[in-house]
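**Q** My questions will all concern the structure given below.
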Amino acid sequence: MVTRRSFLQQSLTFMGAAYLDPLSAFKSNTMIGVQLYTLRNEIFKDPKAVLKQVAALGYTDVETFGYADGKWFGLPVQEFRSLLKSLSLASNSGHTFPASIFLKGGWEANFAQAAKDATALGQNYIVIPYLEPQYQNELDNYKKIAEGLNLAGKIAKEEGIQLAYHNHDFEFHQLGGDNGMNVILSNTDKKLVSIELDLYWAVKAGVNPVEFFKKNKGRVALWHVKDKDNTAEGKFTEVGNGTIDFKSIFAAAKTSGMKYFYVEQDVSAHPMASIEQSINYLRKNILK
C-alpha cells in the first residue's frame, strides 16, 4: 500500500534524480526533429519516399524549407499535412522568407499568407532563416530588419503562429562596435520574436550556447543541432562526431526555453546516413 510517507519518499527520490540529472526532461518521449534542408537534393524528387525514410529512422518532427505559392516540395498544404500524418510525423516549425524582405516594401501580404499556410500545416513557429551576403555587413540593415521582425511577429500572432529568427555566424561578427544579433535581440519584442539558435554557427562564431541561453533566458525556443569537426576549417559533421558539447547544452534547455530541436547537416556526401548517425548518437548519449 502506498502511504503518505512512502509517496513523499518516492517523490523526493524522483526530485533528487531530476536534480542530479538535468537531462531527465529529454528522455524517451522527446520529439526528435530534422531540418529537411539536409535532404534537399532528394526530397523534391520524391517527398513521400524521403519522409518515409526519415520516419523509419525514428524522427518524429520535420522542419520545412522551400515554401512557395502555398506549397512545400510541390505539395499543397492539406496534401502535405495528410502525408505527414500518414507517417506519424509532425511539422512544428518551418523556414520561409529571407530577412532581406524587411529591407524592401510590400512583404506583409505574402508573409501573412505564409503564416496562414504554416498554421494550416500545424506548425507552431515560422522562421526567418537567412540574410543574404550583400546585406550582412551593414549595421543599419539589422536595425531595419528588427523593425520588420516586430511587425512580422504581430502578423504571425494574428495568424496563430510564433515568429523566430535563425542565425548563422555573421550575425555575431563585430560591425562598428556592435553586432547584428545584438541589434536584433535589443530591438525586438521577445514576446513577438523568438530565436532559433544554430548551435554550429554560434560555436563557430565563438559564442558559448549555454551563456547565450543565460543572457536570453526563455527566448531561444528552437535549436539546430549539428556538430563541428575537429579541423582548422571546422566543417559540418554528424552529431557526436565533432567538438560541440551537446550534453551541457541539452542540460540548459530549460534556461533556453527550448520547445523543439532539429538535427541538421548542411553538407554531407550521404545525408540520410548522416542523419541516421546523428539520431543514434542523440538517443544513446543525450536522450537515453
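A note on labels: chains of the C-alpha cells are A, B, ... as shown, every chain counts residues from 1, and ligands are counted from 1 in their shown order.
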Near stretch 175-179 of chain A, counting only C-alpha atoms, which residues have an atom at most 8 Å away, once you skip same-chain residues fewer than 3 positions from it, shown as an mmCIF file with N, CA and C atoms, in the first residue's frame?

**A**
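That gives us selection.cif:
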data_model
loop_
_atom_site.group_PDB
_atom_site.id
_atom_site.type_symbol
_atom_site.label_atom_id
_atom_site.label_comp_id
_atom_site.auth_asym_id
_atom_site.auth_seq_id
_atom_site.Cartn_x
_atom_site.Cartn_y
_atom_site.Cartn_z
ATOM 1 N N ASN A 137 26.820 43.097 -43.861
ATOM 2 C CA ASN A 137 27.872 43.901 -43.238
ATOM 3 C C ASN A 137 27.490 45.340 -42.950
ATOM 4 N N GLU A 138 26.180 45.626 -42.953
ATOM 5 C CA GLU A 138 25.704 46.973 -42.636
ATOM 6 C C GLU A 138 24.842 46.919 -41.383
ATOM 7 N N LEU A 139 25.296 47.582 -40.325
ATOM 8 C CA LEU A 139 24.565 47.543 -39.054
ATOM 9 C C LEU A 139 23.158 48.114 -39.204
ATOM 10 N N GLU A 171 26.039 37.064 -37.950
ATOM 11 C CA GLU A 171 25.305 37.964 -37.041
ATOM 12 C C GLU A 171 26.100 38.309 -35.787
ATOM 13 N N PHE A 172 27.105 37.494 -35.470
ATOM 14 C CA PHE A 172 27.918 37.724 -34.276
ATOM 15 C C PHE A 172 29.212 38.473 -34.576
ATOM 16 N N ASN A 182 23.013 41.211 -31.631
ATOM 17 C CA ASN A 182 22.692 42.082 -30.506
ATOM 18 C C ASN A 182 21.665 43.138 -30.896
ATOM 19 N N VAL A 183 21.792 43.678 -32.106
ATOM 20 C CA VAL A 183 20.830 44.666 -32.591
ATOM 21 C C VAL A 183 19.442 44.041 -32.685
#

**Q** Can you pull out the residues contacting A:Ser100? Cut-off 8 Å, using only C-alpha atoms, and skip same-chain residues under 2 positions away; I want them as a list of chain:residue names.

**A**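 Everything that qualifies: A:Pro98, A:Phe102, A:Leu103, A:Lys104, A:Leu131, A:Glu132, A:Tyr135, A:Ile145.
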
**Q** Would you mind exporting the chosen residues as a PDB file, in the first residue's frame, restricted to C-alpha atoms?

**A**
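Once everything was written out, this is result.pdb:
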ATOM      1  CA  PRO A  98      14.954  35.610 -46.064  1.00  0.00           C
ATOM      2  CA  PHE A 102      12.284  43.587 -44.399  1.00  0.00           C
ATOM      3  CA  LEU A 103      14.684  45.822 -46.323  1.00  0.00           C
ATOM      4  CA  LYS A 104      12.140  46.156 -49.117  1.00  0.00           C
ATOM      5  CA  LEU A 131      20.243  37.132 -44.629  1.00  0.00           C
ATOM      6  CA  GLU A 132      21.974  37.176 -47.992  1.00  0.00           C
ATOM      7  CA  TYR A 135      23.228  42.724 -46.704  1.00  0.00           C
ATOM      8  CA  ILE A 145      15.298  44.005 -40.011  1.00  0.00           C
TER       9      ILE A 145
END

**Q** Would you kindly return, as JSON, numbers by chain, each protein, DNA or RNA residue with an atom no farther than 8 Å from any atom of A:Leu89, considering only C-alpha atoms and excluding same-chain residues fewer than 5 positions away?

**A** {"A": [55, 59, 60, 61, 62, 84]}

**Q** Atom CA of A:Asn285 and atom CA of A:Pro271 are how many Å apart?

**A** 21.0 Å

**Q** For a quick check of understanding, using only C-alpha atoms, which of A:Glu42, A:Asp140, A:Asp189, A:Glu276 has the smallest distance to A:Ala152?

**A**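 Once distances to A:Ala152 are computed over only C-alpha atoms, the minimum belongs to A:Asp189.
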
**Q** As number ranges by chain, please: every residue in stretch 202-240 of chain A that a backbone DSSP assignment puts in alpha helix (DSSP H).

**A** A: 202-204, 209-215

**Q** Would you output that residue set with N, CA and C atoms, as a PDB file, in the first residue's frame?

**A**
ATOM      1  N   ALA A 202      26.783  29.274 -34.060  1.00  0.00           N
ATOM      2  CA  ALA A 202      27.091  30.045 -32.855  1.00  0.00           C
ATOM      3  C   ALA A 202      28.478  29.692 -32.342  1.00  0.00           C
ATOM      4  N   VAL A 203      28.746  28.390 -32.231  1.00  0.00           N
ATOM      5  CA  VAL A 203      30.052  27.952 -31.735  1.00  0.00           C
ATOM      6  C   VAL A 203      31.160  28.397 -32.685  1.00  0.00           C
ATOM      7  N   LYS A 204      30.907  28.305 -33.984  1.00  0.00           N
ATOM      8  CA  LYS A 204      31.925  28.717 -34.964  1.00  0.00           C
ATOM      9  C   LYS A 204      32.241  30.205 -34.831  1.00  0.00           C
ATOM     10  N   PRO A 209      26.890  28.546 -26.388  1.00  0.00           N
ATOM     11  CA  PRO A 209      25.425  28.481 -26.393  1.00  0.00           C
ATOM     12  C   PRO A 209      24.798  28.585 -25.005  1.00  0.00           C
ATOM     13  N   VAL A 210      25.402  27.954 -24.012  1.00  0.00           N
ATOM     14  CA  VAL A 210      24.823  27.988 -22.661  1.00  0.00           C
ATOM     15  C   VAL A 210      24.821  29.414 -22.113  1.00  0.00           C
ATOM     16  N   GLU A 211      25.895  30.153 -22.350  1.00  0.00           N
ATOM     17  CA  GLU A 211      25.941  31.552 -21.909  1.00  0.00           C
ATOM     18  C   GLU A 211      24.921  32.387 -22.687  1.00  0.00           C
ATOM     19  N   PHE A 212      24.749  32.067 -23.961  1.00  0.00           N
ATOM     20  CA  PHE A 212      23.738  32.762 -24.769  1.00  0.00           C
ATOM     21  C   PHE A 212      22.348  32.518 -24.196  1.00  0.00           C
ATOM     22  N   PHE A 213      22.064  31.279 -23.768  1.00  0.00           N
ATOM     23  CA  PHE A 213      20.776  30.972 -23.159  1.00  0.00           C
ATOM     24  C   PHE A 213      20.569  31.799 -21.889  1.00  0.00           C
ATOM     25  N   LYS A 214      21.611  31.904 -21.085  1.00  0.00           N
ATOM     26  CA  LYS A 214      21.504  32.642 -19.823  1.00  0.00           C
ATOM     27  C   LYS A 214      21.202  34.119 -20.072  1.00  0.00           C
ATOM     28  N   LYS A 215      21.811  34.686 -21.104  1.00  0.00           N
ATOM     29  CA  LYS A 215      21.594  36.101 -21.416  1.00  0.00           C
ATOM     30  C   LYS A 215      20.229  36.347 -22.049  1.00  0.00           C
TER      31      LYS A 215
END

**Q** Excluding A:Tyr165 and its own-chain neighbours fewer than 6 positions away, which residues fall within 8 Å of it when counting only C-alpha atoms? Please give them as a VMD selection string.

**A** chain A and resid 127 to 129 193 to 196

**Q** Keeping only C-alpha atoms, write those residues as a short mmCIF file (atom, residue, chain, number, x, y, z; two decimals), in the first residue's frame.

**A**
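Saved file result_20.cif follows:
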data_model
loop_
_atom_site.label_atom_id
_atom_site.label_comp_id
_atom_site.auth_asym_id
_atom_site.auth_seq_id
_atom_site.Cartn_x
_atom_site.Cartn_y
_atom_site.Cartn_z
CA VAL A 127 11.26 31.13 -39.10
CA ILE A 128 13.27 33.78 -40.93
CA PRO A 129 16.27 31.63 -41.87
CA VAL A 193 10.35 37.31 -31.90
CA SER A 194 11.94 34.11 -30.64
CA ILE A 195 15.38 32.82 -31.60
CA GLU A 196 16.28 29.59 -33.34
#

**Q** Skipping near chain neighbours, those fewer than 3 positions away, what residues fall within 10 Å of A:Ile249 using only C-alpha atoms, listed as a list in words?

**A**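 In the requested format, the answer is Leu23, Leu199, Asn208, Pro209, Val210, Glu211, Phe213, Val225, Ile244, Asp245, Phe246, Ala252, Ala253, Thr255 and Ser256 of chain A.
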
**Q** What would the file look like if the residues just selected were written as a tab-separated table (two decimals), in the first residue's frame with C-alpha atoms?

**A**
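New file part.tsv:
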chain	number	residue	atom	x	y	z
A	23	LEU	CA	18.60	15.85	-18.91
A	199	LEU	CA	24.49	25.64	-32.41
A	208	ASN	CA	29.03	29.68	-25.93
A	209	PRO	CA	25.43	28.48	-26.39
A	210	VAL	CA	24.82	27.99	-22.66
A	211	GLU	CA	25.94	31.55	-21.91
A	213	PHE	CA	20.78	30.97	-23.16
A	225	VAL	CA	21.63	20.59	-33.58
A	244	ILE	CA	30.44	20.54	-29.57
A	245	ASP	CA	29.45	19.60	-26.01
A	246	PHE	CA	25.80	18.66	-26.57
A	252	ALA	CA	20.50	24.02	-20.21
A	253	ALA	CA	17.34	23.50	-22.28
A	255	THR	CA	17.11	28.08	-19.38
A	256	SER	CA	16.93	28.35	-23.16

**Q** Based on DSSP run over this structure's backbone, return all residues of stretch 61-214 of chain A in strand (DSSP E or B), as a ChimeraX atom specification.

**A** /A:61-64,68,71-72,75-76,90-95,125-128,162-166,174-175,178-179,193-198

**Q** Restricting the output to C-alpha atoms, write the selected residues as a CSV table (one decimal), in the first residue's frame.

**A**
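Final output, saved to result27.csv:
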chain,number,residue,atom,x,y,z
A,61,ASP,CA,9.2,16.2,-36.3
A,62,VAL,CA,10.4,17.8,-39.6
A,63,GLU,CA,11.3,21.4,-40.1
A,64,THR,CA,10.4,22.5,-43.6
A,68,ALA,CA,6.5,28.7,-52.3
A,71,LYS,CA,3.2,24.5,-51.3
A,72,TRP,CA,6.0,22.5,-49.8
A,75,LEU,CA,2.5,19.6,-52.4
A,76,PRO,CA,-0.4,21.9,-51.3
A,90,ALA,CA,4.7,16.5,-37.1
A,91,SER,CA,6.0,19.7,-38.5
A,92,ASN,CA,6.2,22.2,-35.7
A,93,SER,CA,8.5,24.7,-37.5
A,94,GLY,CA,9.3,25.9,-41.0
A,95,HIS,CA,11.7,28.2,-42.7
A,125,TYR,CA,6.8,28.5,-35.5
A,126,ILE,CA,7.6,30.4,-38.7
A,127,VAL,CA,11.3,31.1,-39.1
A,128,ILE,CA,13.3,33.8,-40.9
A,162,GLN,CA,5.1,32.4,-33.4
A,163,LEU,CA,7.9,34.1,-35.4
A,164,ALA,CA,11.6,33.1,-34.9
A,165,TYR,CA,14.9,34.3,-36.3
A,166,HIS,CA,17.6,31.8,-37.2
A,174,GLN,CA,31.6,42.9,-35.0
A,175,LEU,CA,30.3,45.9,-37.0
A,178,ASP,CA,28.2,46.1,-32.2
A,179,ASN,CA,26.9,43.1,-34.0
A,193,VAL,CA,10.3,37.3,-31.9
A,194,SER,CA,11.9,34.1,-30.6
A,195,ILE,CA,15.4,32.8,-31.6
A,196,GLU,CA,16.3,29.6,-33.3
A,197,LEU,CA,19.9,29.1,-32.3
A,198,ASP,CA,22.0,27.2,-34.8

**Q** Using only C-alpha atoms, which of A:Tyr142, A:Arg283, A:Leu149, A:Arg219 sits nearest A:Met181?

**A**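 Checking each of A:Tyr142, A:Arg283, A:Leu149, A:Arg219 against A:Met181, counting only C-alpha atoms, the winner is A:Tyr142.
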
**Q** Just give me the gap between atom CA of A:Val207 and atom CA of A:Thr38 in Å, one decimal is fine.

**A**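 These two atoms are separated by 23.4 Å.
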